[in-house]
Amino acid sequence: MQGLVAVFRKELQDQLSSYRFVILFALIAMVSFITSYMAAVHMRENLESLTATRFPFLMLFSTPGVMFSMVQFVAFFGPLIGLVSGFDAINRERAQGTLIKVISQPVYRDAVINGKFLAGVTTIAIMFTAILLVISGFGLSLVGVVPGVEEILRLFIYLVISIFYIAFWLGLSILFSILFKSIATSALASVALWIFLSFFVSLGAEVAANTVVPIDRKNETPPEAVLQHARIQEAVSLCSPMVLYSNATATIIDPMRKTTRSIILMGPMEELLSTRFQNPLALGQSLLVVFPHMIALIAITVICFAISYAVFMLQEVRT
Amino acid sequence: MEIGMIIETTELSKRYGHQTAVKDLSLRIKEGEIFGFLGPNGAGKTTTLLMLLGLTQPSGGSATVCGLDPVRMAREVKRHVGYLPENVGFYGDMDAVQSLEYVAALNGIGNKGAREKIDDLLDLVGLKGDARKKTGAFSRGMKQRLGIAEVLMKDPTVLFLDEPTLGLDPEGAIQMIGLIQSLNQSRNITVLLSSHNLSQVQRISHRVGIMIAGSLIAEGSIDALAEASFGVGEKEYSLEEVYLKYFQEV
Ligand SMILES: Nc1ncnc2c1ncn2[C@@H]1O[C@H](COP(=O)(O)OP(=O)(O)O)[C@@H](O)[C@H]1O
Ligand SMILES: [Mg+2]
């Protein structure tokens, strides 16, 4: 325990005082200012829509101003925060000869990896909470809407899911820092996987769906084929943590959305419901809709860290 | 455990794949002695030290360090043993005091206890004037001395020093050897010292063990060894011949 605390404290101090933290924080702060400003302007121009919704405050996060909403930005760039915090976690210590020194002190070997992971997650949580608070304050003064209890609760759930999402990427980059001796290689591998999972999976989903159920645009396609096409596409794209995260936060931050499924895949009753009843989903209902996605997201984060842990514990100290 | 024995190994072995790094090592080191662990590069000295610390799993045999089994009680062993790895590393953006503070924290020593100790230790290794200098700017010799200060933080019963004079200039090497000897005498710390430099080690070692290609070929005081002859593979050699054949090229 003393080892874990010592490593955690040192790592947290390192993270918070590092240039990369400052740069990342500045970048995210800037983007979130701009998007929330855009969202606020948009909201002021469409005041009648504000009166129509029960959760005007959440729109600060979900309204795409000019390019993207805050939520979309996090889905896309959040991974970078995780990757940058962890890609050199273990291999740098190995290279500079400090890893063997630390584990030859009376500590359990896993104190090193646990301490680093926890410090990374804490940094992410601090960064994220700060940004959320800043946007909220900004929105309060610009639009003049005050968040209700439910909105605060929804934001909190959103925050927790986001932290898990970024922690997944942190775990992944720590895994690479264990597997690859060279810091440059692990940085490259992290970014490559990020690009692959974020861009190519959705592309691959389209391709996979087209191969299994080709859709002919000129001729009439049977509805079952269209349905299956959409199903396959959705199943494949769930391999992307980004899609998983977007789905998991979807109905939380935007209660007017009632499903994570696309229009085609809705059952008739679901479709009827979504058009007839323009009331937002209750929080419990929102949670129920995204529950599988949330669990899947948490599961991949835990699995990713568990793999890092196992590899680290079994690895020779000198490799 | 036999009384007075700090380290005992029986047929301790380590294989990496097909390669045998340490082969059936049986060794006994008495309390209070300086034991010189000699061998050319790649002989298996570092591997042996890592096994004794529980940092790597033996492939066969057993060991006790301070009466504890390093495989099952690695953390307790590490409480008693101070280990200075070869090429000890530091966080370049920490100064000497911060570096020692971190080691103290890892050993569960509170801030207050650490502060007094740090002063004493820096004084002991002659780094008092560089206490607030970043370790990134330290010379090789200063790093090695700071490394010694760090391993003394836990008040060890035994020190494992892996090639402590490697890369030091002659004057630095003499200083280091003197420091090790004074630690042994004034604090009664048992020292296991690995090196491929026979002349430096024989000056302070009470006994030496000579390891070649994973096997301990001789063990005893330098005087006794000088007269004996020992087999390496098929042939018999005197100490001088062993030295000429295996140690000269390094
Ligand atoms: N992680 C490892 N994987 C494979 N072989 C290793 C590993 N570590 C050490 N060895 C081999 O074990 C042998 C003994 O190495 P070592 O104990 O470092 O020797 P010494 O410290 O006496 O120079 C060497 O041949 C080395 O190549
Ligand atoms: Mg060695």
# chains A, B, ... in the order shown; residues from 1 in each chain; ligands from 1
$ interface_residues --of "chain A" --to "chain B" --cutoff "8 Å" --atoms "only C-alpha atoms" --output "VMD selection string"
chain A and resid 2 to 3 6 to 7 10 96 to 98 100 to 108 316 to 317
$ write_last_selection --atoms "N, CA and C atoms" --output "mmCIF file, in the first residue's frame"
data_model
loop_
_atom_site.group_PDB
_atom_site.id
_atom_site.type_symbol
_atom_site.label_atom_id
_atom_site.label_comp_id
_atom_site.auth_asym_id
_atom_site.auth_seq_id
_atom_site.Cartn_x
_atom_site.Cartn_y
_atom_site.Cartn_z
ATOM 1 N N GLN A 2 1.928 1.247 0.823
ATOM 2 C CA GLN A 2 2.795 2.427 0.887
ATOM 3 C C GLN A 2 3.421 2.680 -0.477
ATOM 4 N N GLY A 3 3.717 1.584 -1.191
ATOM 5 C CA GLY A 3 4.307 1.709 -2.523
ATOM 6 C C GLY A 3 3.338 2.345 -3.493
ATOM 7 N N ALA A 6 2.971 6.031 -2.781
ATOM 8 C CA ALA A 6 4.158 6.794 -3.168
ATOM 9 C C ALA A 6 4.228 6.964 -4.684
ATOM 10 N N VAL A 7 4.001 5.874 -5.411
ATOM 11 C CA VAL A 7 4.055 5.954 -6.873
ATOM 12 C C VAL A 7 2.940 6.870 -7.388
ATOM 13 N N LYS A 10 3.770 10.566 -6.786
ATOM 14 C CA LYS A 10 4.817 11.054 -7.684
ATOM 15 C C LYS A 10 4.285 11.206 -9.103
ATOM 16 N N GLN A 96 15.515 4.483 -18.680
ATOM 17 C CA GLN A 96 16.377 5.315 -17.837
ATOM 18 C C GLN A 96 16.831 4.583 -16.572
ATOM 19 N N GLY A 97 16.417 3.330 -16.425
ATOM 20 C CA GLY A 97 16.922 2.519 -15.324
ATOM 21 C C GLY A 97 16.271 2.800 -13.981
ATOM 22 N N THR A 98 15.109 3.456 -13.990
ATOM 23 C CA THR A 98 14.461 3.739 -12.714
ATOM 24 C C THR A 98 13.462 2.656 -12.317
ATOM 25 N N ILE A 100 13.765 -0.647 -12.364
ATOM 26 C CA ILE A 100 14.349 -1.697 -11.522
ATOM 27 C C ILE A 100 14.660 -1.157 -10.126
ATOM 28 N N LYS A 101 15.011 0.125 -10.063
ATOM 29 C CA LYS A 101 15.279 0.725 -8.761
ATOM 30 C C LYS A 101 14.009 0.776 -7.917
ATOM 31 N N VAL A 102 12.925 1.180 -8.536
ATOM 32 C CA VAL A 102 11.657 1.289 -7.799
ATOM 33 C C VAL A 102 11.186 -0.079 -7.317
ATOM 34 N N ILE A 103 11.239 -1.089 -8.206
ATOM 35 C CA ILE A 103 10.709 -2.376 -7.762
ATOM 36 C C ILE A 103 11.693 -3.147 -6.883
ATOM 37 N N SER A 104 12.916 -2.639 -6.707
ATOM 38 C CA SER A 104 13.786 -3.300 -5.736
ATOM 39 C C SER A 104 13.604 -2.709 -4.336
ATOM 40 N N GLN A 105 12.710 -1.722 -4.228
ATOM 41 C CA GLN A 105 12.317 -1.237 -2.896
ATOM 42 C C GLN A 105 11.230 -2.184 -2.356
ATOM 43 N N PRO A 106 10.991 -2.153 -1.050
ATOM 44 C CA PRO A 106 9.994 -3.091 -0.511
ATOM 45 C C PRO A 106 8.560 -2.734 -0.913
ATOM 46 N N VAL A 107 8.243 -2.893 -2.166
ATOM 47 C CA VAL A 107 6.885 -2.657 -2.665
ATOM 48 C C VAL A 107 6.516 -3.843 -3.541
ATOM 49 N N TYR A 108 5.208 -4.050 -3.724
ATOM 50 C CA TYR A 108 4.793 -5.062 -4.689
ATOM 51 C C TYR A 108 5.006 -4.499 -6.078
ATOM 52 N N GLU A 316 10.030 -10.204 -17.736
ATOM 53 C CA GLU A 316 11.321 -10.132 -17.059
ATOM 54 C C GLU A 316 11.662 -8.661 -16.792
ATOM 55 N N VAL A 317 12.339 -8.398 -15.666
ATOM 56 C CA VAL A 317 12.682 -7.003 -15.390
ATOM 57 C C VAL A 317 13.661 -6.456 -16.428
#
$ residues_near_ligand --ligand "ligand 1" --cutoff "9 Å" --atoms "only C-alpha atoms and all ligand atoms" --output "PyMOL selection string"
(chain A and resi 315-319) or (chain B and resi 14-17+19-22+38-50+86+162-163+194-196+211-214)
$ residues_around --residues "segment 151-156 of chain A" --least-positions-apart "2" --cutoff "7 Å" --atoms "only C-alpha atoms" --output "compact mmCIF listing (two decimals) with N, CA and C atoms, in the first residue's frame"
# COMPACT_ATOMS: atom_id res chain seq x y z
N PHE A 55 -34.70 20.51 -21.11
CA PHE A 55 -33.31 20.53 -20.65
C PHE A 55 -32.46 21.48 -21.47
N LEU A 58 -28.45 21.25 -21.08
CA LEU A 58 -27.69 20.18 -21.72
C LEU A 58 -27.38 20.50 -23.18
N PRO A 147 -29.04 25.12 -14.62
CA PRO A 147 -29.27 23.68 -14.72
C PRO A 147 -30.18 23.19 -13.61
N GLY A 148 -31.08 22.27 -13.96
CA GLY A 148 -31.92 21.64 -12.96
C GLY A 148 -31.19 20.47 -12.35
N VAL A 149 -31.81 19.89 -11.33
CA VAL A 149 -31.18 18.77 -10.64
C VAL A 149 -30.91 17.62 -11.60
N TYR A 158 -22.54 11.61 -17.48
CA TYR A 158 -21.76 11.84 -18.69
C TYR A 158 -20.27 11.92 -18.36
N LEU A 159 -19.96 12.63 -17.28
CA LEU A 159 -18.58 12.79 -16.84
C LEU A 159 -17.95 11.44 -16.52
N VAL A 160 -18.69 10.61 -15.78
CA VAL A 160 -18.16 9.31 -15.38
C VAL A 160 -17.90 8.43 -16.61
N ILE A 252 -28.09 10.14 -22.65
CA ILE A 252 -27.82 10.79 -21.37
C ILE A 252 -27.79 12.30 -21.53
N ILE A 253 -27.08 12.72 -22.54
CA ILE A 253 -26.87 14.16 -22.70
C ILE A 253 -27.96 14.76 -23.59
$ closest_residue --among "A:Leu193, A:Met313, A:Ala119, A:Ile303" --to "Arg9 of chain A" --atoms "only C-alpha atoms"
A:Ala119
$ closest_residue --among "B:Pro170, B:Gly178, B:Gly231, B:Pro164" --to "ligand 2" --atoms "only C-alpha atoms and all ligand atoms"
B:Pro164
$ residues_around --residues "segment 129-144 of chain A" --least-positions-apart "2" --cutoff "9 Å" --atoms "only C-alpha atoms" --output "MDAnalysis selection string"
chainID A and resid 25 28:29 32:33 36:37 39:41 43:44 57 60:61 124:127 146:147 155 159
$ atom_distance --atom1 "atom CA of Val311 of chain A" --atom2 "atom CA of Ser62 of chain B"
25.2 Å
$ select_by_dssp --residues "segment 7-241 of chain B" --states "strand (DSSP E or B)" --output "VMD selection string"
chain B and resid 7 to 16 19 to 30 34 to 38 60 to 65 68 81 to 84 95 134 158 to 162 190 to 195 207 to 212 215 to 220 229 to 232 235 to 238
$ select_by_dssp --residues "segment 117-254 of chain A" --states "alpha helix (DSSP H)" --output "VMD selection string"
chain A and resid 117 to 143 149 to 179 183 to 195 201 to 212 223 to 237 241 to 253
$ residues_around --residues "Met242 of chain A" --least-positions-apart "3" --cutoff "9 Å" --atoms "only C-alpha atoms" --output "ChimeraX atom specification"
/A:75-76,79,165,197-198,238-239,245-247
$ residues_around --residues "Leu12 of chain B" --least-positions-apart "6" --cutoff "10 Å" --atoms "only C-alpha atoms" --output "compact mmCIF listing (two decimals) with N, CA, C and O atoms, in the first residue's frame"
# COMPACT_ATOMS: atom_id res chain seq x y z
N VAL B 22 22.37 -19.15 -15.23
CA VAL B 22 22.97 -19.57 -13.96
C VAL B 22 22.70 -21.06 -13.80
O VAL B 22 21.58 -21.53 -14.00
N LYS B 23 23.78 -21.80 -13.45
CA LYS B 23 23.66 -23.26 -13.42
C LYS B 23 24.04 -23.79 -12.04
O LYS B 23 25.16 -23.61 -11.59
N ASP B 24 23.08 -24.40 -11.35
CA ASP B 24 23.31 -25.10 -10.08
C ASP B 24 24.24 -24.35 -9.13
O ASP B 24 25.24 -24.88 -8.68
N LEU B 25 23.87 -23.14 -8.83
CA LEU B 25 24.72 -22.32 -7.96
C LEU B 25 24.45 -22.63 -6.49
O LEU B 25 23.32 -22.52 -6.03
N SER B 26 25.49 -23.06 -5.79
CA SER B 26 25.37 -23.25 -4.34
C SER B 26 26.38 -22.34 -3.66
O SER B 26 27.57 -22.47 -3.87
N LEU B 27 25.85 -21.43 -2.87
CA LEU B 27 26.68 -20.35 -2.35
C LEU B 27 26.27 -20.06 -0.91
O LEU B 27 25.11 -20.17 -0.55
N THR B 48 21.87 -13.73 -10.96
CA THR B 48 21.86 -14.28 -9.60
C THR B 48 21.33 -13.26 -8.60
O THR B 48 20.47 -13.59 -7.78
N MET B 51 17.62 -12.93 -8.84
CA MET B 51 16.90 -14.06 -8.24
C MET B 51 16.89 -13.94 -6.72
O MET B 51 15.87 -14.23 -6.08
N LEU B 52 18.01 -13.51 -6.14
CA LEU B 52 18.09 -13.38 -4.68
C LEU B 52 17.15 -12.29 -4.16
O LEU B 52 16.74 -12.31 -3.00
N PRO B 58 13.57 -18.08 -10.26
CA PRO B 58 14.55 -19.11 -10.61
C PRO B 58 13.87 -20.24 -11.41
O PRO B 58 12.68 -20.49 -11.23
N SER B 59 14.66 -20.91 -12.28
CA SER B 59 14.09 -22.06 -12.99
C SER B 59 14.23 -23.32 -12.14
O SER B 59 13.54 -24.31 -12.36
N GLY B 60 15.17 -23.29 -11.19
CA GLY B 60 15.33 -24.46 -10.33
C GLY B 60 16.14 -24.09 -9.11
O GLY B 60 16.76 -23.03 -9.05
N GLY B 61 16.13 -24.99 -8.11
CA GLY B 61 16.90 -24.75 -6.90
C GLY B 61 16.18 -23.81 -5.95
O GLY B 61 15.04 -23.42 -6.18
N SER B 62 16.87 -23.46 -4.86
CA SER B 62 16.24 -22.58 -3.88
C SER B 62 17.26 -21.65 -3.26
O SER B 62 18.47 -21.86 -3.40
N ALA B 63 16.76 -20.64 -2.58
CA ALA B 63 17.65 -19.67 -1.93
C ALA B 63 16.98 -19.11 -0.69
O ALA B 63 15.74 -19.09 -0.60
$ residues_around --residues "segment 13-17 of chain A" --least-positions-apart "2" --cutoff "8 Å" --atoms "only C-alpha atoms" --output "MDAnalysis selection string"
chainID A and resid 9:11 19 21:22 85 119:120 123
$ write_last_selection --atoms "N, CA and C atoms" --output "PDB file, in the first residue's frame"
ATOM      1  N   ARG A   9       1.429   9.341  -5.902  1.00  0.00           N
ATOM      2  CA  ARG A   9       1.683  10.760  -5.634  1.00  0.00           C
ATOM      3  C   ARG A   9       2.729  11.344  -6.563  1.00  0.00           C
ATOM      4  N   LYS A  10       3.770  10.566  -6.786  1.00  0.00           N
ATOM      5  CA  LYS A  10       4.817  11.054  -7.684  1.00  0.00           C
ATOM      6  C   LYS A  10       4.285  11.206  -9.103  1.00  0.00           C
ATOM      7  N   GLU A  11       3.558  10.209  -9.558  1.00  0.00           N
ATOM      8  CA  GLU A  11       3.062  10.244 -10.930  1.00  0.00           C
ATOM      9  C   GLU A  11       2.068  11.380 -11.130  1.00  0.00           C
ATOM     10  N   TYR A  19       4.510  19.542 -19.307  1.00  0.00           N
ATOM     11  CA  TYR A  19       4.120  20.405 -20.418  1.00  0.00           C
ATOM     12  C   TYR A  19       2.965  19.809 -21.200  1.00  0.00           C
ATOM     13  N   PHE A  21       0.549  18.116 -20.203  1.00  0.00           N
ATOM     14  CA  PHE A  21      -0.725  18.380 -19.544  1.00  0.00           C
ATOM     15  C   PHE A  21      -1.191  19.801 -19.848  1.00  0.00           C
ATOM     16  N   VAL A  22      -0.260  20.728 -19.729  1.00  0.00           N
ATOM     17  CA  VAL A  22      -0.601  22.136 -19.969  1.00  0.00           C
ATOM     18  C   VAL A  22      -1.089  22.329 -21.408  1.00  0.00           C
ATOM     19  N   SER A  85      -1.137  10.615 -22.222  1.00  0.00           N
ATOM     20  CA  SER A  85      -0.762  10.452 -20.810  1.00  0.00           C
ATOM     21  C   SER A  85      -0.031   9.150 -20.529  1.00  0.00           C
ATOM     22  N   ALA A 119      -3.001   7.451 -11.316  1.00  0.00           N
ATOM     23  CA  ALA A 119      -2.606   8.852 -11.452  1.00  0.00           C
ATOM     24  C   ALA A 119      -3.095   9.402 -12.786  1.00  0.00           C
ATOM     25  N   GLY A 120      -3.004   8.588 -13.833  1.00  0.00           N
ATOM     26  CA  GLY A 120      -3.500   9.007 -15.145  1.00  0.00           C
ATOM     27  C   GLY A 120      -4.987   9.270 -15.121  1.00  0.00           C
ATOM     28  N   THR A 123      -5.732  12.444 -13.270  1.00  0.00           N
ATOM     29  CA  THR A 123      -5.437  13.621 -14.086  1.00  0.00           C
ATOM     30  C   THR A 123      -6.569  13.887 -15.071  1.00  0.00           C
TER      31      THR A 123
END
$ atom_distance --atom1 "atom CA of Ile183 of chain A" --atom2 "atom CA of Ala89 of chain A"
9.1 Å
